[in-house]
Amino acid sequence: MIELSDVSLGYGHRAVLSNINLKAIPGKILGLIGPNGSGKSTLLKGITRVLNVFSGHIFIDGRDIKNIKREELARLIAVVPQNPILPDAFTAFELVLMGRTPHLGLLRYEGREDIAITWQAMEATRTESLAQRRMGELSGGERQRIVIARALTQQPKVLLLDEPTAHLDINHQIEILDLVKSLCLEQSLTVIAALHDLNLAAQYCDWLVMLNGGRTYAEGIPQDVLTAENIKEAYGADVCVYPHPINKLPITLVTAGGNDGYQHRT
Amino acid sequence: MSRVISKPVSETAEEFAISYPLHWKGKVYALVGLTGLLLVVIVFATTLGSAPIPFSTCFQVLFSQVPFVNITPSCPEVFGMPLGVERLEMIILNIRLPRILLAGLVGAALAVAGATYQGLFRNPLADPYLIGVASGAGLGATIAFLIPFTISWMSFGAVPLFAFIGGMGAVALVYSLARVGKTLPTTTLILAGVALGAFLSSITSYLLTICGEKLHGIVFWLLGGLSLTKWAEVWIVLPCILVGIIIIWLHARPLNVMQLDEEQAQQLGINVAKVKLILLGTATLITSSAVCFTGLIGFVGIIIPHAVRLIWGPDHRFLLPLSTLVGAIFLILADTLAHTLLPPTEIPVGVITAFCGAPFFLYLLRRRKGLAFF
């Protein structure tokens, strides 16, 4: 369980986020939405202590992350970053095996158990057939699945995803998020995902937090957060929101020219 | 090249875990084989010199030094004269062996330091001299040649001392210049190193123009060479380099993880700032120890790690030890060529390393064309 209480954080002395409160619970996907620059990635960096909070506290299972060593934190929280650099020369298996790093000290080599855990993670993400391929040869969707496998190899309690479907085709978007959803339920992971696609956010997230201008603008179940008014206020875009014909979740439709700034110019 | 190990997709996790260590077998064989080769090369190198001594005699002399071994070396005839055991031991143990061992240590240190810098900077052009060791050591040595009085420290002149201080000092300065708060951006570090290097080299160049008859000595030092090595030098360099290499080996896994970006490394539990400081400090220490007696031997530090990476892959847990062995073997052979090719003149060893090593490296590069290797 992740809990943020009154958190402000940012880069250097410039606060990007202020007074954020949120709570993510096991077995549920919490979606972070909001326009570019609203602080979605910054928030995830704060939770992994890549950035230190200016004020407030971030708790994982009741413990302040300030007091947790980086190595232990990596056993609790795994991240699927937005645009990770993945060295081309390593094989996919070697890359997934790196997820065992926080479980091994300086002197231990990966044992049979670590290799078995790694292989299980690759089975869960259906990447076994890629094991011997070099990272440089893989497609975007395959690389994303490998990074998710690496995150699972850390055996975390919390999984953070930063735009996991960016640059992926629609079939791979579904594949990745279905995978996350099933892992979240099976392993009762606490999942926090920053998403830019509002329709995917509505379909997959149990709870949405909409950030705007460094603050929480709206919070709740998708039906409550994804309204035309909220989207117009936060994103500045005129959209139509309808219930999905099958599951009644909100779907956001755009109209050409339906943007504030654009209309003023013409 | 990695071997295909996972054939059927249906393999279970346990089966895979049992078969996976086979993947490392080739590299372990390579480690054992190269260790053996290193010993053979050391013995072979003792046979060559102004007086050729048979391989078997050299082996006997060297082996007789091993504790609890009693053999009397057979004495060969050299130039029609029988060589006494004492004279034989004098030539092999006191003249040739220290030079060979120093060559091996320096080659190992430069190759490991090169691999470390390349890994830390994620830059294939990095070499041990990139961030100021060479220019600092060069300036230190030049000043030592030019000071009008003599300083000596444990029977050594001022040159090694000044070169060592120069090398370490330059990197320390670059490090403090490049640091931003608690972080150390690698690009800033490289740029600061290149800039300070240019500054220090300009001073060295100016000093070279005004140094008069000492020019020859300085230029020879700058090109690098191992002539006139004595045991005292080996005993000083040996602990520094061995300890340094072991520290670096222990950080092979963090170095692997740092091939990802720094954010991912932190998220995988690596204390990036600490690992960087340890590795930079240690690599600089072994490089400075290596160059302070032998001068600026080039090429070994950049090419050996690449050659090893091309043959055995990018995993630092094998890359670092294999580079150590290959670097040692390579520099021993290069130095042997340097003093036996055109006797009695000595070719600067840096000339040999580049002249023989570069074509071989280009051959490897051609053979593996199209495959990512970094």
# chains A, B, ... in the order shown; residues from 1 in each chain; ligands from 1

call {"tool": "select_by_dssp", "arguments": {"residues": "segment 94-157 of chain A", "states": "alpha helix (DSSP H)", "output": "JSON, numbers by chain"}}
result
{"A": [94, 95, 96, 97, 112, 113, 114, 115, 116, 117, 118, 119, 120, 121, 122, 123, 124, 140, 141, 142, 143, 144, 145, 146, 147, 148, 149, 150, 151, 152, 153]}

call {"tool": "residues_around", "arguments": {"residues": "segment 103-106 of chain A", "least_positions_apart": "4", "cutoff": "7 Å", "atoms": "only C-alpha atoms", "output": "compact mmCIF listing (two decimals) with N, CA and C atoms, in the first residue's frame"}}
result
# COMPACT_ATOMS: atom_id res chain seq x y z
N ARG A 75 13.34 -3.77 -3.48
CA ARG A 75 12.65 -5.06 -3.28
C ARG A 75 11.15 -4.85 -3.08
N LEU B 250 34.61 -6.68 -7.92
CA LEU B 250 33.48 -6.84 -7.02
C LEU B 250 32.30 -5.97 -7.44
N HIS B 251 32.55 -4.93 -8.20
CA HIS B 251 31.46 -4.04 -8.61
C HIS B 251 30.96 -4.37 -10.01

call {"tool": "interface_residues", "arguments": {"of": "chain A", "to": "chain B", "cutoff": "6 Å", "atoms": "only C-alpha atoms", "output": "ChimeraX atom specification"}}
result
/A:70-71,74,85-86,89,102,112,115-116,119-120

call {"tool": "residues_around", "arguments": {"residues": "Ile303 of chain B", "least_positions_apart": "3", "cutoff": "8 Å", "atoms": "only C-alpha atoms", "output": "ChimeraX atom specification"}}
result
/B:299-300,306-307,357-358,361

call {"tool": "residues_around", "arguments": {"residues": "Phe59 of chain A", "least_positions_apart": "3", "cutoff": "6 Å", "atoms": "only C-alpha atoms", "output": "PDB file with C-alpha atoms, in the first residue's frame"}}
result
ATOM      1  CA  ILE A   2       1.282   3.422  -0.940  1.00  0.00           C
ATOM      2  CA  GLU A   3       0.167   6.535   0.848  1.00  0.00           C
ATOM      3  CA  GLY A  62       3.087   2.474   6.887  1.00  0.00           C
ATOM      4  CA  ARG A  63       6.868   3.049   6.653  1.00  0.00           C
ATOM      5  CA  ASP A  64       8.259   6.359   5.474  1.00  0.00           C
ATOM      6  CA  ILE A  65      10.404   5.684   2.384  1.00  0.00           C
TER       7      ILE A  65
END

call {"tool": "residues_around", "arguments": {"residues": "segment 25-39 of chain A", "least_positions_apart": "4", "cutoff": "6 Å", "atoms": "only C-alpha atoms", "output": "PyMOL selection string"}}
result
chain A and resi 1+184-185+188-195+205-214+235

call {"tool": "closest_residue", "arguments": {"among": "A:Pro84, A:Lys45, A:Leu226, A:Gly141", "to": "Asn171 of chain A", "atoms": "only C-alpha atoms"}}
result
A:Gly141

call {"tool": "residues_around", "arguments": {"residues": "Leu208 of chain B", "least_positions_apart": "5", "cutoff": "9 Å", "atoms": "only C-alpha atoms", "output": "number ranges by chain"}}
result
B: 142, 203, 214-215, 218-219

call {"tool": "write_last_selection", "arguments": {"atoms": "N, CA and C atoms", "output": "short mmCIF file (atom, residue, chain, number, x, y, z; two decimals), in the first residue's frame"}}
result
data_model
loop_
_atom_site.label_atom_id
_atom_site.label_comp_id
_atom_site.auth_asym_id
_atom_site.auth_seq_id
_atom_site.Cartn_x
_atom_site.Cartn_y
_atom_site.Cartn_z
N THR B 142 57.03 15.76 -16.38
CA THR B 142 57.83 16.79 -17.04
C THR B 142 58.43 17.74 -16.00
N ILE B 203 50.56 23.30 -20.91
CA ILE B 203 51.70 23.63 -20.05
C ILE B 203 52.86 22.68 -20.35
N LYS B 214 67.11 18.01 -21.96
CA LYS B 214 66.33 16.99 -21.26
C LYS B 214 65.16 16.47 -22.09
N LEU B 215 64.98 17.08 -23.27
CA LEU B 215 63.83 16.75 -24.14
C LEU B 215 63.73 15.25 -24.41
N ILE B 218 62.28 13.18 -21.58
CA ILE B 218 60.86 13.44 -21.34
C ILE B 218 60.01 12.77 -22.42
N VAL B 219 60.40 12.95 -23.67
CA VAL B 219 59.61 12.39 -24.77
C VAL B 219 59.56 10.86 -24.63
#

call {"tool": "closest_residue", "arguments": {"among": "A:Val53, A:Ala202, A:Leu22, A:Leu161", "to": "Gly10 of chain A", "atoms": "only C-alpha atoms"}}
result
A:Val53

call {"tool": "residues_around", "arguments": {"residues": "Leu139 of chain B", "least_positions_apart": "2", "cutoff": "9 Å", "atoms": "only C-alpha atoms", "output": "list in words"}}
result
Ala134, Ser135, Gly136, Ala137, Ala141, Thr142, Ile143, Ala144, Phe162, Ala163, Gly166, Gly167, Leu200, Ser201, Ile203, Thr204, Ser205 and Leu207 of chain B

call {"tool": "write_last_selection", "arguments": {"atoms": "C-alpha atoms", "output": "tab-separated table (two decimals), in the first residue's frame"}}
result
chain	number	residue	atom	x	y	z
B	134	ALA	CA	47.47	11.17	-18.80
B	135	SER	CA	47.79	14.94	-18.95
B	136	GLY	CA	48.20	15.19	-15.19
B	137	ALA	CA	50.82	12.45	-15.04
B	141	ALA	CA	56.70	13.84	-14.91
B	142	THR	CA	57.83	16.79	-17.04
B	143	ILE	CA	58.11	19.01	-13.98
B	144	ALA	CA	60.04	16.26	-12.20
B	162	PHE	CA	55.25	13.50	-9.48
B	163	ALA	CA	53.55	11.50	-12.23
B	166	GLY	CA	49.79	14.60	-11.19
B	167	GLY	CA	47.49	11.84	-12.43
B	200	LEU	CA	47.59	20.75	-18.62
B	201	SER	CA	48.92	19.50	-21.96
B	203	ILE	CA	51.70	23.63	-20.05
B	204	THR	CA	53.57	20.40	-20.77
B	205	SER	CA	54.06	21.43	-24.41
B	207	LEU	CA	57.81	23.14	-20.90

call {"tool": "select_by_dssp", "arguments": {"residues": "segment 56-295 of chain B", "states": "strand (DSSP E or B)", "output": "ChimeraX atom specification"}}
result
/B:77-78,81-82,153,156,180,183

call {"tool": "atom_distance", "arguments": {"atom1": "atom CA of Ala109 of chain B", "atom2": "atom CA of Ile247 of chain B"}}
result
12.1 Å

call {"tool": "atom_distance", "arguments": {"atom1": "atom CA of Leu51 of chain A", "atom2": "atom CA of Leu9 of chain A"}}
result
7.5 Å
